[in-house]
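**Q** Let me begin by handing over the structure; questions about it come next.
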Amino acid sequence: MIGTNSAEEIRLTIAKNHQHVQERIAEACKRSGRSVTDINLIVVTKGHSVERIRCAIELGMREFGENYPEEGAEKIQIIGDLPGLTWHMIGHIQSRKAELVVDYYDMIHSLDSLKLGRRLERFAAKKGRKIPVLLECNVSGEETKFGFAAADPSRWQDLLSDFSEIAQLPHLEICGLMTMAPFFENPEHARPVFRKLVELQNYLREHLPHINWDELSMGMSSDFEVAVEEGATMLRIGQAILGARPYC
Ligand SMILES: *Cc1c(COP(=O)(O)O)cnc(C)c1O
């Protein structure tokens, strides 16, 4: 619901927010000796209307993330196949939504079980496409989070057989890891979570060196600068650009 704000006001706000986020990313890059070109900003559109997404597209944004397979698929259908748009599935995927995800999304950040991997493989093979995926890992141990259980480094070896099996699925292409830090008022508290994902990345590079672990999808509106400093290559940012979600 647009309420009392005119479309023009919304557009100006989104443009200003986007610019501000980009500046903050650039500053975090400078602090940590990184290049902004190594960071992919994904605008999370869950809960937002097609009008607002169209506005973001007009302002030059091209990478979008949705949490709920169906909600996203409906918007993707309405917006249509504009050149250069990329849709990322970043939320938990129930088995029965696997085919929908393969049909509509370009990349999956939330591959969180071998079983889901096998199902996605089946539909990707049927569709004749190879899908880039990230393995979602729960490194914080927060119980409400999805992802491969990865809070305890002494158990990381337990992940290796599932991960190598996923790597062998011919229509999925592992590109790296994804995590979500718990929400903290102070983003510094998210730092150890991001650090642990980087440690897991190092561990996997050592133990499964034939797989590409380069991408790290971590960092949201509340903690993206810390994520950049710790090595994120993909940020998933919603509210800080599009404003508060009307529902969710
Ligand atoms: C909602 C969501 C985001 C974006 O959160 P904001 O606080 O709006 O930046 C990022 N990643 C996931 C998995 C989400 O569900």
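Ordered as shown in the structure tokens, chains take letters A, B, and onward, while each chain numbers its residues from 1 and ligands are numbered from 1 in the order shown.
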Would you name the residues within 9 Å of ligand 1, counting only C-alpha atoms and all ligand atoms, and put them as a PDB file with N, CA, C and O atoms, in the first residue's frame?

**A**
ATOM      1  N   ILE A  42      22.575  -7.496  -4.032  1.00  0.00           N
ATOM      2  CA  ILE A  42      21.277  -8.074  -4.394  1.00  0.00           C
ATOM      3  C   ILE A  42      20.189  -7.345  -3.603  1.00  0.00           C
ATOM      4  O   ILE A  42      20.255  -7.266  -2.377  1.00  0.00           O
ATOM      5  N   VAL A  43      19.241  -6.795  -4.309  1.00  0.00           N
ATOM      6  CA  VAL A  43      18.168  -6.048  -3.667  1.00  0.00           C
ATOM      7  C   VAL A  43      17.036  -7.021  -3.332  1.00  0.00           C
ATOM      8  O   VAL A  43      16.470  -7.661  -4.216  1.00  0.00           O
ATOM      9  N   VAL A  44      16.755  -7.134  -2.031  1.00  0.00           N
ATOM     10  CA  VAL A  44      15.757  -8.114  -1.583  1.00  0.00           C
ATOM     11  C   VAL A  44      14.365  -7.490  -1.631  1.00  0.00           C
ATOM     12  O   VAL A  44      14.082  -6.507  -0.942  1.00  0.00           O
ATOM     13  N   THR A  45      13.517  -8.073  -2.476  1.00  0.00           N
ATOM     14  CA  THR A  45      12.222  -7.470  -2.788  1.00  0.00           C
ATOM     15  C   THR A  45      11.047  -8.172  -2.101  1.00  0.00           C
ATOM     16  O   THR A  45       9.891  -7.840  -2.364  1.00  0.00           O
ATOM     17  N   LYS A  46      11.332  -9.137  -1.249  1.00  0.00           N
ATOM     18  CA  LYS A  46      10.221  -9.846  -0.578  1.00  0.00           C
ATOM     19  C   LYS A  46       9.328  -8.831   0.139  1.00  0.00           C
ATOM     20  O   LYS A  46       9.829  -7.875   0.741  1.00  0.00           O
ATOM     21  N   GLY A  47       8.037  -9.052   0.046  1.00  0.00           N
ATOM     22  CA  GLY A  47       7.110  -8.164   0.730  1.00  0.00           C
ATOM     23  C   GLY A  47       6.837  -6.860  -0.003  1.00  0.00           C
ATOM     24  O   GLY A  47       5.975  -6.090   0.398  1.00  0.00           O
ATOM     25  N   GLY A  65      16.447 -10.376  -5.018  1.00  0.00           N
ATOM     26  CA  GLY A  65      16.312 -11.589  -4.220  1.00  0.00           C
ATOM     27  C   GLY A  65      14.916 -11.707  -3.652  1.00  0.00           C
ATOM     28  O   GLY A  65      14.333 -10.726  -3.185  1.00  0.00           O
ATOM     29  N   GLU A  66      14.375 -12.908  -3.706  1.00  0.00           N
ATOM     30  CA  GLU A  66      13.059 -13.185  -3.121  1.00  0.00           C
ATOM     31  C   GLU A  66      13.185 -14.366  -2.164  1.00  0.00           C
ATOM     32  O   GLU A  66      13.981 -15.275  -2.382  1.00  0.00           O
ATOM     33  N   ASN A  67      12.371 -14.345  -1.118  1.00  0.00           N
ATOM     34  CA  ASN A  67      12.395 -15.399  -0.108  1.00  0.00           C
ATOM     35  C   ASN A  67      11.412 -16.517  -0.336  1.00  0.00           C
ATOM     36  O   ASN A  67      11.654 -17.645   0.047  1.00  0.00           O
ATOM     37  N   TYR A  68      10.248 -16.125  -0.831  1.00  0.00           N
ATOM     38  CA  TYR A  68       9.168 -17.096  -0.957  1.00  0.00           C
ATOM     39  C   TYR A  68       9.004 -17.430  -2.426  1.00  0.00           C
ATOM     40  O   TYR A  68       8.708 -16.547  -3.232  1.00  0.00           O
ATOM     41  N   MET A  89      16.990 -16.810  -5.468  1.00  0.00           N
ATOM     42  CA  MET A  89      16.141 -17.407  -4.429  1.00  0.00           C
ATOM     43  C   MET A  89      16.982 -17.478  -3.160  1.00  0.00           C
ATOM     44  O   MET A  89      18.012 -18.148  -3.127  1.00  0.00           O
ATOM     45  N   ILE A  90      16.531 -16.744  -2.132  1.00  0.00           N
ATOM     46  CA  ILE A  90      17.340 -16.666  -0.914  1.00  0.00           C
ATOM     47  C   ILE A  90      16.655 -17.279   0.300  1.00  0.00           C
ATOM     48  O   ILE A  90      17.233 -17.321   1.380  1.00  0.00           O
ATOM     49  N   GLY A  91      15.417 -17.757   0.124  1.00  0.00           N
ATOM     50  CA  GLY A  91      14.675 -18.294   1.270  1.00  0.00           C
ATOM     51  C   GLY A  91      14.575 -19.811   1.231  1.00  0.00           C
ATOM     52  O   GLY A  91      14.905 -20.444   0.222  1.00  0.00           O
ATOM     53  N   HIS A  92      14.099 -20.364   2.322  1.00  0.00           N
ATOM     54  CA  HIS A  92      13.976 -21.816   2.420  1.00  0.00           C
ATOM     55  C   HIS A  92      13.048 -22.357   1.327  1.00  0.00           C
ATOM     56  O   HIS A  92      11.995 -21.784   1.055  1.00  0.00           O
ATOM     57  N   HIS A 109      20.487 -19.403  -3.392  1.00  0.00           N
ATOM     58  CA  HIS A 109      21.415 -19.213  -2.264  1.00  0.00           C
ATOM     59  C   HIS A 109      21.103 -20.160  -1.116  1.00  0.00           C
ATOM     60  O   HIS A 109      21.882 -20.241  -0.173  1.00  0.00           O
ATOM     61  N   SER A 110      19.949 -20.783  -1.157  1.00  0.00           N
ATOM     62  CA  SER A 110      19.418 -21.477   0.019  1.00  0.00           C
ATOM     63  C   SER A 110      19.325 -22.980  -0.169  1.00  0.00           C
ATOM     64  O   SER A 110      18.354 -23.594   0.226  1.00  0.00           O
ATOM     65  N   MET A 178      26.411 -19.533   1.727  1.00  0.00           N
ATOM     66  CA  MET A 178      25.532 -18.453   2.185  1.00  0.00           C
ATOM     67  C   MET A 178      25.271 -18.633   3.671  1.00  0.00           C
ATOM     68  O   MET A 178      25.205 -19.757   4.153  1.00  0.00           O
ATOM     69  N   THR A 179      25.170 -17.519   4.390  1.00  0.00           N
ATOM     70  CA  THR A 179      24.711 -17.607   5.771  1.00  0.00           C
ATOM     71  C   THR A 179      23.919 -16.364   6.142  1.00  0.00           C
ATOM     72  O   THR A 179      23.976 -15.334   5.459  1.00  0.00           O
ATOM     73  N   MET A 180      23.190 -16.488   7.228  1.00  0.00           N
ATOM     74  CA  MET A 180      22.419 -15.391   7.787  1.00  0.00           C
ATOM     75  C   MET A 180      22.845 -15.268   9.232  1.00  0.00           C
ATOM     76  O   MET A 180      22.769 -16.252   9.972  1.00  0.00           O
ATOM     77  N   PHE A 183      19.822 -11.471  14.124  1.00  0.00           N
ATOM     78  CA  PHE A 183      19.725 -10.014  14.168  1.00  0.00           C
ATOM     79  C   PHE A 183      20.329  -9.490  15.473  1.00  0.00           C
ATOM     80  O   PHE A 183      20.005  -9.953  16.554  1.00  0.00           O
ATOM     81  N   SER A 217      27.747 -15.339   0.256  1.00  0.00           N
ATOM     82  CA  SER A 217      26.546 -14.512   0.351  1.00  0.00           C
ATOM     83  C   SER A 217      26.249 -14.294   1.823  1.00  0.00           C
ATOM     84  O   SER A 217      25.776 -15.183   2.520  1.00  0.00           O
ATOM     85  N   MET A 218      26.588 -13.101   2.308  1.00  0.00           N
ATOM     86  CA  MET A 218      26.349 -12.786   3.725  1.00  0.00           C
ATOM     87  C   MET A 218      26.282 -11.274   3.886  1.00  0.00           C
ATOM     88  O   MET A 218      26.955 -10.540   3.177  1.00  0.00           O
ATOM     89  N   GLY A 219      25.436 -10.842   4.825  1.00  0.00           N
ATOM     90  CA  GLY A 219      25.262  -9.415   5.046  1.00  0.00           C
ATOM     91  C   GLY A 219      23.905  -8.939   4.556  1.00  0.00           C
ATOM     92  O   GLY A 219      23.525  -9.204   3.417  1.00  0.00           O
ATOM     93  N   MET A 220      23.162  -8.282   5.466  1.00  0.00           N
ATOM     94  CA  MET A 220      21.839  -7.753   5.165  1.00  0.00           C
ATOM     95  C   MET A 220      21.815  -6.286   5.606  1.00  0.00           C
ATOM     96  O   MET A 220      22.846  -5.730   5.968  1.00  0.00           O
ATOM     97  N   SER A 221      20.645  -5.665   5.614  1.00  0.00           N
ATOM     98  CA  SER A 221      20.572  -4.229   5.937  1.00  0.00           C
ATOM     99  C   SER A 221      21.276  -3.891   7.246  1.00  0.00           C
ATOM    100  O   SER A 221      21.917  -2.862   7.365  1.00  0.00           O
ATOM    101  N   SER A 222      21.130  -4.765   8.240  1.00  0.00           N
ATOM    102  CA  SER A 222      21.620  -4.438   9.582  1.00  0.00           C
ATOM    103  C   SER A 222      23.110  -4.692   9.771  1.00  0.00           C
ATOM    104  O   SER A 222      23.686  -4.246  10.752  1.00  0.00           O
ATOM    105  N   ASP A 223      23.736  -5.433   8.857  1.00  0.00           N
ATOM    106  CA  ASP A 223      25.124  -5.840   9.131  1.00  0.00           C
ATOM    107  C   ASP A 223      26.017  -5.913   7.891  1.00  0.00           C
ATOM    108  O   ASP A 223      27.078  -6.532   7.930  1.00  0.00           O
ATOM    109  N   PHE A 224      25.617  -5.260   6.790  1.00  0.00           N
ATOM    110  CA  PHE A 224      26.354  -5.497   5.540  1.00  0.00           C
ATOM    111  C   PHE A 224      27.764  -4.922   5.532  1.00  0.00           C
ATOM    112  O   PHE A 224      28.653  -5.469   4.863  1.00  0.00           O
ATOM    113  N   LEU A 235      25.826  -9.353  -1.173  1.00  0.00           N
ATOM    114  CA  LEU A 235      25.058  -8.797  -0.062  1.00  0.00           C
ATOM    115  C   LEU A 235      23.586  -8.907  -0.420  1.00  0.00           C
ATOM    116  O   LEU A 235      23.218  -8.704  -1.574  1.00  0.00           O
ATOM    117  N   ARG A 236      22.773  -9.220   0.561  1.00  0.00           N
ATOM    118  CA  ARG A 236      21.321  -9.326   0.327  1.00  0.00           C
ATOM    119  C   ARG A 236      20.637  -8.231   1.149  1.00  0.00           C
ATOM    120  O   ARG A 236      20.479  -8.367   2.346  1.00  0.00           O
ATOM    121  N   ILE A 237      20.282  -7.147   0.474  1.00  0.00           N
ATOM    122  CA  ILE A 237      19.806  -5.973   1.202  1.00  0.00           C
ATOM    123  C   ILE A 237      18.398  -5.579   0.769  1.00  0.00           C
ATOM    124  O   ILE A 237      18.153  -5.342  -0.410  1.00  0.00           O
ATOM    125  N   GLY A 238      17.500  -5.540   1.722  1.00  0.00           N
ATOM    126  CA  GLY A 238      16.120  -5.170   1.447  1.00  0.00           C
ATOM    127  C   GLY A 238      15.775  -3.798   1.989  1.00  0.00           C
ATOM    128  O   GLY A 238      15.840  -2.785   1.285  1.00  0.00           O
ATOM    129  N   GLN A 239      15.446  -3.766   3.279  1.00  0.00           N
ATOM    130  CA  GLN A 239      14.922  -2.541   3.910  1.00  0.00           C
ATOM    131  C   GLN A 239      15.767  -1.291   3.710  1.00  0.00           C
ATOM    132  O   GLN A 239      15.223  -0.207   3.524  1.00  0.00           O
ATOM    133  N   ALA A 240      17.065  -1.431   3.755  1.00  0.00           N
ATOM    134  CA  ALA A 240      17.930  -0.248   3.664  1.00  0.00           C
ATOM    135  C   ALA A 240      17.808   0.432   2.297  1.00  0.00           C
ATOM    136  O   ALA A 240      18.170   1.596   2.155  1.00  0.00           O
ATOM    137  N   ILE A 241      17.294  -0.302   1.305  1.00  0.00           N
ATOM    138  CA  ILE A 241      17.107   0.301  -0.021  1.00  0.00           C
ATOM    139  C   ILE A 241      15.630   0.564  -0.317  1.00  0.00           C
ATOM    140  O   ILE A 241      15.252   1.662  -0.705  1.00  0.00           O
ATOM    141  N   LEU A 242      14.805  -0.447  -0.113  1.00  0.00           N
ATOM    142  CA  LEU A 242      13.396  -0.332  -0.530  1.00  0.00           C
ATOM    143  C   LEU A 242      12.482   0.186   0.571  1.00  0.00           C
ATOM    144  O   LEU A 242      11.309   0.410   0.351  1.00  0.00           O
ATOM    145  N   GLY A 243      13.019   0.338   1.761  1.00  0.00           N
ATOM    146  CA  GLY A 243      12.192   0.790   2.883  1.00  0.00           C
ATOM    147  C   GLY A 243      11.585  -0.377   3.637  1.00  0.00           C
ATOM    148  O   GLY A 243      11.773  -1.534   3.246  1.00  0.00           O
ATOM    149  N   ALA A 244      10.862  -0.066   4.688  1.00  0.00           N
ATOM    150  CA  ALA A 244      10.260  -1.121   5.517  1.00  0.00           C
ATOM    151  C   ALA A 244       9.273  -1.928   4.671  1.00  0.00           C
ATOM    152  O   ALA A 244       8.611  -1.385   3.792  1.00  0.00           O
ATOM    153  N   ARG A 245       9.229  -3.224   4.939  1.00  0.00           N
ATOM    154  CA  ARG A 245       8.297  -4.072   4.205  1.00  0.00           C
ATOM    155  C   ARG A 245       6.882  -3.856   4.733  1.00  0.00           C
ATOM    156  O   ARG A 245       6.676  -3.870   5.939  1.00  0.00           O
ATOM    157  N   CYS A 248       5.157  -9.161   6.071  1.00  0.00           N
ATOM    158  CA  CYS A 248       6.168 -10.194   5.999  1.00  0.00           C
ATOM    159  C   CYS A 248       6.199 -10.991   7.290  1.00  0.00           C
ATOM    160  O   CYS A 248       6.304 -10.407   8.341  1.00  0.00           O
TER     161      CYS A 248
END

**Q** Find the residues around A:Val102 up to 7 Å (only C-alpha atoms counted), leave out those fewer than 3 positions away in its own chain, and share them as a list in words.

**A**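 Here the qualifying residues turn out to be Ala98, Glu99, Tyr105, Leu120, Phe123 and Ala124 of chain A.
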
**Q** So that I can see what lies close to stretch 134-146 of chain A, please list as JSON, numbers by chain the residues with an atom at most 10 Å from it, counting only C-alpha atoms and leaving out residues fewer than 6 positions away in the same chain.

**A** {"A": [90, 91, 92, 93, 107, 108, 109, 110, 111, 112, 113, 114, 117, 152, 153, 159, 163, 166, 172, 173, 174, 175, 176, 177, 178, 179, 180, 181, 182, 190, 192, 193, 194, 195, 196, 197, 200, 213, 214, 215, 216, 217]}

**Q** Return the single residue from A:Ala149, A:Leu160, A:Ala26, A:Leu85 that is closest to A:Tyr203, with distances computed using only C-alpha atoms.

**A**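 Residue with the minimum atom-to-atom distance to A:Tyr203: A:Leu160.
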
**Q** For atom CA of A:Ala167 and atom CA of A:Phe64, quote the distance in Å rounded to one decimal.

**A** 25.2 Å

**Q** For A:Lys127, which residue out of A:Asp162, A:Ala150, A:Ser6, A:His171 is the nearest one, using only C-alpha atoms?

**A**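 Under the stated criterion, the closest residue is A:His171.
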
**Q** Apply DSSP to the backbone of this structure and, from stretch 28-138 of chain A, keep only the residues in helix (DSSP H, G or I); write these as a ChimeraX atom specification.

**A** /A:28-31,36-38,50-58,69-79,95-104,114-127

**Q** Using N, CA and C atoms, can you write the selected residues to a file as a compact mmCIF listing (two decimals), in the first residue's frame?

**A**
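Below you can see part.txt, which holds the result:
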# COMPACT_ATOMS: atom_id res chain seq x y z
N ALA A 28 33.31 0.60 3.34
CA ALA A 28 33.71 -0.67 3.99
C ALA A 28 34.80 -1.36 3.16
N CYS A 29 34.70 -1.25 1.83
CA CYS A 29 35.72 -1.82 0.95
C CYS A 29 37.06 -1.13 1.19
N LYS A 30 37.02 0.18 1.27
CA LYS A 30 38.24 0.95 1.49
C LYS A 30 38.90 0.55 2.80
N ARG A 31 38.10 0.46 3.85
CA ARG A 31 38.63 0.08 5.17
C ARG A 31 39.30 -1.28 5.14
N VAL A 36 35.18 -2.64 -4.80
CA VAL A 36 33.71 -2.70 -4.90
C VAL A 36 33.26 -3.60 -6.04
N THR A 37 34.12 -3.78 -7.02
CA THR A 37 33.72 -4.63 -8.15
C THR A 37 33.64 -6.12 -7.75
N ASP A 38 34.18 -6.45 -6.58
CA ASP A 38 34.10 -7.84 -6.12
C ASP A 38 32.82 -8.10 -5.33
N VAL A 50 5.23 -5.07 -7.05
CA VAL A 50 5.82 -5.01 -8.39
C VAL A 50 6.14 -3.57 -8.77
N GLU A 51 5.29 -2.63 -8.37
CA GLU A 51 5.54 -1.22 -8.70
C GLU A 51 6.88 -0.77 -8.12
N ARG A 52 7.10 -1.17 -6.88
CA ARG A 52 8.35 -0.75 -6.23
C ARG A 52 9.56 -1.42 -6.91
N ILE A 53 9.40 -2.66 -7.33
CA ILE A 53 10.50 -3.34 -8.02
C ILE A 53 10.76 -2.66 -9.37
N ARG A 54 9.68 -2.31 -10.06
CA ARG A 54 9.84 -1.62 -11.36
C ARG A 54 10.59 -0.31 -11.18
N CYS A 55 10.28 0.35 -10.09
CA CYS A 55 10.95 1.60 -9.77
C CYS A 55 12.46 1.34 -9.58
N ALA A 56 12.78 0.29 -8.84
CA ALA A 56 14.19 -0.06 -8.63
C ALA A 56 14.88 -0.40 -9.96
N ILE A 57 14.15 -1.06 -10.85
CA ILE A 57 14.72 -1.40 -12.16
C ILE A 57 14.99 -0.12 -12.94
N GLU A 58 14.04 0.80 -12.92
CA GLU A 58 14.24 2.08 -13.62
C GLU A 58 15.44 2.84 -13.08
N PRO A 69 9.24 -18.71 -2.78
CA PRO A 69 9.25 -19.09 -4.20
C PRO A 69 8.04 -18.59 -4.98
N GLU A 70 6.83 -18.74 -4.39
CA GLU A 70 5.64 -18.37 -5.16
C GLU A 70 5.47 -16.86 -5.30
N GLU A 71 5.67 -16.17 -4.19
CA GLU A 71 5.55 -14.70 -4.23
C GLU A 71 6.49 -14.14 -5.29
N GLY A 72 7.71 -14.64 -5.30
CA GLY A 72 8.69 -14.17 -6.27
C GLY A 72 8.30 -14.53 -7.69
N ALA A 73 7.85 -15.79 -7.88
CA ALA A 73 7.51 -16.25 -9.24
C ALA A 73 6.39 -15.40 -9.83
N GLU A 74 5.43 -15.03 -8.99
CA GLU A 74 4.34 -14.17 -9.51
C GLU A 74 4.88 -12.84 -9.99
N LYS A 75 5.76 -12.25 -9.21
CA LYS A 75 6.33 -10.96 -9.61
C LYS A 75 7.19 -11.10 -10.87
N ILE A 76 7.96 -12.19 -10.92
CA ILE A 76 8.84 -12.39 -12.07
C ILE A 76 8.00 -12.51 -13.35
N GLN A 77 6.86 -13.20 -13.23
CA GLN A 77 5.98 -13.34 -14.40
C GLN A 77 5.44 -11.99 -14.84
N ILE A 78 5.05 -11.17 -13.88
CA ILE A 78 4.46 -9.87 -14.22
C ILE A 78 5.53 -8.94 -14.82
N ILE A 79 6.69 -8.93 -14.21
CA ILE A 79 7.75 -8.03 -14.67
C ILE A 79 8.30 -8.48 -16.02
N SER A 95 10.28 -28.93 -0.47
CA SER A 95 10.41 -29.90 -1.58
C SER A 95 9.44 -29.62 -2.72
N ARG A 96 8.19 -29.35 -2.33
CA ARG A 96 7.19 -29.20 -3.40
C ARG A 96 7.34 -27.91 -4.19
N LYS A 97 8.24 -27.03 -3.76
CA LYS A 97 8.46 -25.78 -4.51
C LYS A 97 9.72 -25.86 -5.38
N ALA A 98 10.38 -27.01 -5.34
CA ALA A 98 11.66 -27.11 -6.06
C ALA A 98 11.51 -26.85 -7.55
N GLU A 99 10.45 -27.38 -8.15
CA GLU A 99 10.30 -27.21 -9.59
C GLU A 99 10.04 -25.75 -9.95
N LEU A 100 9.21 -25.11 -9.14
CA LEU A 100 8.92 -23.68 -9.35
C LEU A 100 10.21 -22.85 -9.31
N VAL A 101 11.05 -23.17 -8.36
CA VAL A 101 12.31 -22.43 -8.21
C VAL A 101 13.19 -22.62 -9.45
N VAL A 102 13.25 -23.86 -9.92
CA VAL A 102 14.06 -24.13 -11.12
C VAL A 102 13.48 -23.39 -12.33
N ASP A 103 12.16 -23.28 -12.37
CA ASP A 103 11.52 -22.63 -13.51
C ASP A 103 11.76 -21.12 -13.54
N TYR A 104 11.84 -20.49 -12.38
CA TYR A 104 11.83 -19.03 -12.36
C TYR A 104 13.11 -18.32 -11.94
N LEU A 114 20.94 -32.18 1.20
CA LEU A 114 21.23 -33.04 0.06
C LEU A 114 19.94 -33.45 -0.64
N LYS A 115 18.92 -33.67 0.16
CA LYS A 115 17.62 -34.08 -0.40
C LYS A 115 17.09 -33.00 -1.35
N LEU A 116 17.15 -31.76 -0.93
CA LEU A 116 16.71 -30.67 -1.79
C LEU A 116 17.60 -30.59 -3.03
N GLY A 117 18.89 -30.80 -2.85
CA GLY A 117 19.82 -30.78 -3.98
C GLY A 117 19.42 -31.82 -5.03
N ARG A 118 19.09 -33.01 -4.57
CA ARG A 118 18.70 -34.07 -5.52
C ARG A 118 17.42 -33.71 -6.25
N ARG A 119 16.49 -33.09 -5.55
CA ARG A 119 15.23 -32.70 -6.17
C ARG A 119 15.43 -31.58 -7.19
N LEU A 120 16.23 -30.61 -6.83
CA LEU A 120 16.52 -29.52 -7.76
C LEU A 120 17.22 -30.07 -9.00
N GLU A 121 18.12 -31.01 -8.79
CA GLU A 121 18.83 -31.66 -9.90
C GLU A 121 17.85 -32.27 -10.89
N ARG A 122 16.86 -32.97 -10.34
CA ARG A 122 15.89 -33.65 -11.20
C ARG A 122 15.17 -32.65 -12.10
N PHE A 123 14.71 -31.55 -11.51
CA PHE A 123 13.96 -30.57 -12.31
C PHE A 123 14.88 -29.78 -13.23
N ALA A 124 16.09 -29.52 -12.78
CA ALA A 124 17.03 -28.79 -13.65
C ALA A 124 17.39 -29.65 -14.86
N ALA A 125 17.53 -30.95 -14.63
CA ALA A 125 17.83 -31.85 -15.75
C ALA A 125 16.66 -31.86 -16.73
N LYS A 126 15.45 -31.92 -16.18
CA LYS A 126 14.24 -31.94 -17.01
C LYS A 126 14.17 -30.67 -17.87
N LYS A 127 14.57 -29.57 -17.27
CA LYS A 127 14.54 -28.29 -17.97
C LYS A 127 15.76 -28.07 -18.84

**Q** Leaving out A:Glu27 and any residue of its chain fewer than 6 positions from it, which residues lie within 10 Å of it when counting only C-alpha atoms, given as a PyMOL selection string?

**A** chain A and resi 21+33-34+36+225+228-229

**Q** Taking the DSSP assignment computed from this structure's backbone, write out as a list in words all residues of stretch 54-146 of chain A that belong to strand (DSSP E).

**A**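 Everything in stretch 54-146 of chain A that counts as strand (DSSP E) is Glu63, Phe64, Gly65, Glu66, Thr86, Trp87, His88, Met89, Met107, Ile108, His109, Ser110, Leu111, Ile131, Pro132, Val133, Leu134, Leu135, Glu136, Cys137 and Asn138 of chain A.
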